[in-house]
>>> print(open('structure18.txt').read())   # compact mmCIF, C-alpha atoms
# COMPACT_ATOMS: atom_id res chain seq x y z
CA MET F 680 225.04 164.40 140.98
CA PRO F 681 226.90 161.09 140.70
CA ILE F 682 225.77 158.57 138.13
CA HIS F 683 225.79 154.95 139.20
CA PRO F 684 225.74 152.04 136.76
CA SER F 685 222.93 149.55 137.10
CA ASP F 686 223.61 146.06 138.43
CA GLU F 687 223.17 144.78 134.87
CA VAL F 688 225.84 147.16 133.55
CA VAL F 689 228.24 146.17 136.34
CA ALA F 690 227.63 142.46 135.58
CA ALA F 691 228.19 143.06 131.84
CA TRP F 692 231.44 144.88 132.60
CA ALA F 693 232.73 142.12 134.87
CA ARG F 694 231.82 139.37 132.41
CA LEU F 695 233.38 141.28 129.50
CA ILE F 696 236.70 141.58 131.32
CA LYS F 697 236.66 137.99 132.59
CA ALA F 698 235.68 136.54 129.20
CA SER F 699 238.39 138.58 127.50
CA ARG F 700 241.07 137.40 129.93
CA LEU F 701 239.99 133.76 129.73
CA ALA F 702 239.82 133.75 125.92
CA LEU F 703 243.20 135.45 125.54
CA ALA F 704 244.83 133.06 128.01
CA ALA F 705 243.37 130.06 126.20
CA VAL F 706 244.55 131.30 122.80
CA GLU F 707 248.01 132.05 124.22
CA ALA F 708 248.16 128.53 125.66
CA ASP F 709 247.24 127.01 122.29
CA LEU F 710 249.95 129.02 120.54
CA LYS F 711 252.52 128.02 123.17
CA LYS F 712 251.52 124.36 122.94
CA ALA F 713 252.10 124.52 119.17
CA GLY F 714 255.57 125.96 119.76
CA LEU F 715 254.60 129.37 118.38
CA PRO F 716 255.37 132.85 119.71
CA PRO F 717 252.91 134.89 121.79
CA LEU F 718 249.80 136.49 120.34
CA GLY F 719 251.37 139.95 120.66
CA TRP F 720 253.92 138.97 118.03
CA TYR F 721 251.16 137.94 115.62
CA ASP F 722 249.27 141.14 116.33
CA ALA F 723 252.30 143.36 115.59
CA LEU F 724 253.27 141.46 112.44
CA LEU F 725 249.68 141.53 111.16
CA GLU F 726 249.44 145.29 111.62
CA LEU F 727 252.72 145.77 109.76
CA ARG F 728 251.40 143.63 106.91
CA ARG F 729 248.13 145.56 106.82
CA ALA F 730 250.02 148.85 106.69
CA ALA F 731 251.65 147.73 103.42
CA GLY F 732 254.72 149.74 104.37
CA PRO F 733 256.89 150.70 107.30
CA LEU F 734 255.39 152.27 110.42
CA ARG F 735 256.82 154.34 113.23
CA PRO F 736 256.70 152.42 116.53
CA VAL F 737 254.09 154.85 117.91
CA GLU F 738 251.90 154.20 114.84
CA LEU F 739 252.28 150.45 115.37
CA GLU F 740 251.27 150.79 119.03
CA GLY F 741 248.12 152.67 118.03
CA ARG F 742 247.07 149.85 115.72
CA LEU F 743 247.66 146.92 118.06
CA LEU F 744 244.73 144.83 119.16
CA LEU F 745 246.52 143.87 122.35
CA ALA F 746 247.93 146.31 124.86
CA GLN F 747 251.64 146.81 124.31
CA HIS F 748 253.12 149.05 126.96
CA ASN F 749 256.59 148.74 125.54
CA VAL F 750 256.47 148.40 121.79
CA SER F 751 260.20 149.05 121.50
CA ARG F 752 261.01 145.85 123.41
CA LEU F 753 258.53 143.91 121.30
CA VAL F 754 260.13 145.30 118.14
CA ASP F 755 263.58 144.43 119.57
CA ARG F 756 262.51 140.79 119.99
CA LEU F 757 260.92 140.63 116.54
CA GLU F 758 264.00 142.20 114.97
CA ALA F 759 266.35 139.80 116.78
CA GLN F 760 264.43 136.91 115.21
CA GLY F 761 264.49 138.52 111.77
CA TYR F 762 260.72 139.09 111.56
CA VAL F 763 260.97 142.87 111.23
CA ALA F 764 263.64 145.32 110.15
CA ARG F 765 264.21 148.86 111.35
CA GLN F 766 265.28 151.70 109.15
CA PRO F 767 265.90 155.36 109.83
CA CYS F 768 263.04 157.74 109.25
CA GLU F 769 264.03 160.24 106.56
CA GLU F 770 261.73 162.99 107.91
CA ASP F 771 263.04 162.64 111.47
CA GLY F 772 266.69 161.74 111.92
CA ARG F 773 266.06 160.37 115.41
CA GLY F 774 263.01 158.34 114.44
CA GLN F 775 262.82 154.82 113.12
CA LEU F 776 260.48 152.93 110.87
CA VAL F 777 259.65 149.26 111.32
CA GLU F 778 258.82 147.01 108.40
CA LEU F 779 257.82 143.40 108.00
CA THR F 780 260.37 140.99 106.53
CA ASP F 781 259.72 137.90 104.44
CA SER F 782 260.40 135.83 107.57
CA GLY F 783 257.74 137.84 109.40
CA ARG F 784 255.23 137.14 106.62
CA ASP F 785 256.09 133.46 106.85
CA LEU F 786 255.57 133.46 110.63
CA LEU F 787 252.13 135.02 110.16
CA ARG F 788 251.22 132.25 107.71
CA ARG F 789 252.47 129.58 110.12
CA MET F 790 250.68 131.04 113.16
CA TRP F 791 247.29 131.66 111.55
CA PRO F 792 246.03 128.04 111.41
CA THR F 793 246.65 127.58 115.15
CA TYR F 794 245.24 131.01 115.97
CA ARG F 795 242.18 130.43 113.77
CA ALA F 796 241.52 127.05 115.42
CA ALA F 797 241.91 128.63 118.88
CA ILE F 798 239.40 131.36 118.03
CA HIS F 799 236.95 128.68 116.94
CA ARG F 800 237.59 126.45 119.97
CA HIS F 801 237.36 129.19 122.58
CA VAL F 802 234.73 131.48 121.01
CA GLY F 803 233.13 130.03 117.88
CA ALA F 804 232.28 126.66 119.43
CA LYS F 805 230.47 128.44 122.27
CA LEU F 806 228.52 130.95 120.16
CA GLY F 807 226.51 130.46 117.01
CA ASP F 808 227.09 132.82 114.10
CA GLU F 809 224.00 134.87 114.99
CA GLN F 810 225.10 135.19 118.61
CA ALA F 811 228.62 136.14 117.53
CA ALA F 812 227.23 138.80 115.18
CA THR F 813 225.07 140.21 117.99
CA LEU F 814 228.03 140.26 120.37
CA ALA F 815 230.20 141.96 117.74
CA ARG F 816 227.53 144.66 117.21
CA LEU F 817 227.20 145.24 120.94
CA LEU F 818 230.94 145.46 121.48
CA GLN F 819 231.25 147.86 118.55
CA ARG F 820 229.09 150.29 120.51
CA LEU F 821 231.71 150.25 123.28
CA LEU F 822 234.42 151.12 120.76
CA GLN F 823 232.66 154.25 119.63
CA SER F 824 233.61 157.37 121.51
>>> encode(input="structure18.txt", output="structure tokens")
Amino acid sequence: MPIHPSDEVVAAWARLIKASRLALAAVEADLKKAGLPPLGWYDALLELRRAAGPLRPVELEGRLLLAQHNVSRLVDRLEAQGYVARQPCEEDGRGQLVELTDSGRDLLRRMWPTYRAAIHRHVGAKLGDEQAATLARLLQRLLQS
């Protein structure tokens, strides 16, 4: 017996996807306007900082807020700019570990004020704190498996 979502569930789904795309595009535009790298760079660097140590690329991918279908190319770009460094993995001779450099920490510090302002402009200015807390609670339910 097929289960069909209600019209309300379908509307919630569509608005969730559209709001997500619009907010991400607006934040990306703000970062670009400020001459900063894409949000995916911030996301990867932040997760490396939170890890407080090197991560395998597959571990980094699992932690990313944004979808990264090719983490190795992202890491290549970050490494080319000096924001991360790769080192061989001692437990696996073929594997690599990625760690944040001092330049990567500096980039995080430089990006955060623009990113923070963009979050406020595109989300916080449209929702009060109580509404944002309610939305966060509701979305958390979707994250639970």
>>> residues_around(input="structure18.txt", residues="region 778-787 of chain F", least_positions_apart="5", cutoff="7 Å", atoms="only C-alpha atoms", output="PyMOL selection string")
chain F and resi 721+724+727-728+732-734+761-765
>>> write_last_selection(input="structure18.txt", atoms="C-alpha atoms", output="compact mmCIF listing (two decimals), in the coordinates of the input")
# COMPACT_ATOMS: atom_id res chain seq x y z
CA TYR F 721 251.16 137.94 115.62
CA LEU F 724 253.27 141.46 112.44
CA LEU F 727 252.72 145.77 109.76
CA ARG F 728 251.40 143.63 106.91
CA GLY F 732 254.72 149.74 104.37
CA PRO F 733 256.89 150.70 107.30
CA LEU F 734 255.39 152.27 110.42
CA GLY F 761 264.49 138.52 111.77
CA TYR F 762 260.72 139.09 111.56
CA VAL F 763 260.97 142.87 111.23
CA ALA F 764 263.64 145.32 110.15
CA ARG F 765 264.21 148.86 111.35
>>> atom_distance(input="structure18.txt", atom1="CA of Ala705 (chain F)", atom2="CA of Leu806 (chain F)")
16.1 Å
>>> closest_residue(input="structure18.txt", among="F:Asp709, F:Ile696, F:Leu814, F:Val689", to="Ala797 (chain F)", atoms="all atoms listed in the file")
F:Asp709
>>> atom_distance(input="structure18.txt", atom1="CA of Arg795 (chain F)", atom2="CA of Ala731 (chain F)")
22.3 Å
>>> residues_near_point(input="structure18.txt", point="(255.7, 129.9, 120.2)", cutoff="12 Å", atoms="all atoms listed in the file", output="count of residues only")
22
>>> closest_residue(input="structure18.txt", among="F:Ala759, F:Leu817, F:Leu753, F:Val802", to="Leu703 (chain F)", atoms="only C-alpha atoms")
F:Val802
>>> closest_residue(input="structure18.txt", among="F:Arg742, F:Arg773, F:Arg820, F:Arg735", to="Asp722 (chain F)", atoms="only C-alpha atoms")
F:Arg742
>>> atom_distance(input="structure18.txt", atom1="CA of Arg752 (chain F)", atom2="CA of Pro736 (chain F)")
10.4 Å
>>> closest_residue(input="structure18.txt", among="F:Asp771, F:Gln810, F:His801, F:Arg816", to="Ala698 (chain F)", atoms="all atoms listed in the file")
F:His801
>>> residues_around(input="structure18.txt", residues="Val750 (chain F)", least_positions_apart="4", cutoff="12 Å", atoms="all atoms listed in the file", output="number ranges by chain")
F: 719-720, 722-723, 735-743, 745-746, 754-758, 777
>>> write_last_selection(input="structure18.txt", atoms="C-alpha atoms", output="mmCIF file, in the frame of the given file")
data_model
loop_
_atom_site.group_PDB
_atom_site.id
_atom_site.type_symbol
_atom_site.label_atom_id
_atom_site.label_comp_id
_atom_site.auth_asym_id
_atom_site.auth_seq_id
_atom_site.Cartn_x
_atom_site.Cartn_y
_atom_site.Cartn_z
ATOM 1 C CA GLY F 719 251.370 139.950 120.660
ATOM 2 C CA TRP F 720 253.920 138.970 118.030
ATOM 3 C CA ASP F 722 249.270 141.140 116.330
ATOM 4 C CA ALA F 723 252.300 143.360 115.590
ATOM 5 C CA ARG F 735 256.820 154.340 113.230
ATOM 6 C CA PRO F 736 256.700 152.420 116.530
ATOM 7 C CA VAL F 737 254.090 154.850 117.910
ATOM 8 C CA GLU F 738 251.900 154.200 114.840
ATOM 9 C CA LEU F 739 252.280 150.450 115.370
ATOM 10 C CA GLU F 740 251.270 150.790 119.030
ATOM 11 C CA GLY F 741 248.120 152.670 118.030
ATOM 12 C CA ARG F 742 247.070 149.850 115.720
ATOM 13 C CA LEU F 743 247.660 146.920 118.060
ATOM 14 C CA LEU F 745 246.520 143.870 122.350
ATOM 15 C CA ALA F 746 247.930 146.310 124.860
ATOM 16 C CA VAL F 754 260.130 145.300 118.140
ATOM 17 C CA ASP F 755 263.580 144.430 119.570
ATOM 18 C CA ARG F 756 262.510 140.790 119.990
ATOM 19 C CA LEU F 757 260.920 140.630 116.540
ATOM 20 C CA GLU F 758 264.000 142.200 114.970
ATOM 21 C CA VAL F 777 259.650 149.260 111.320
#
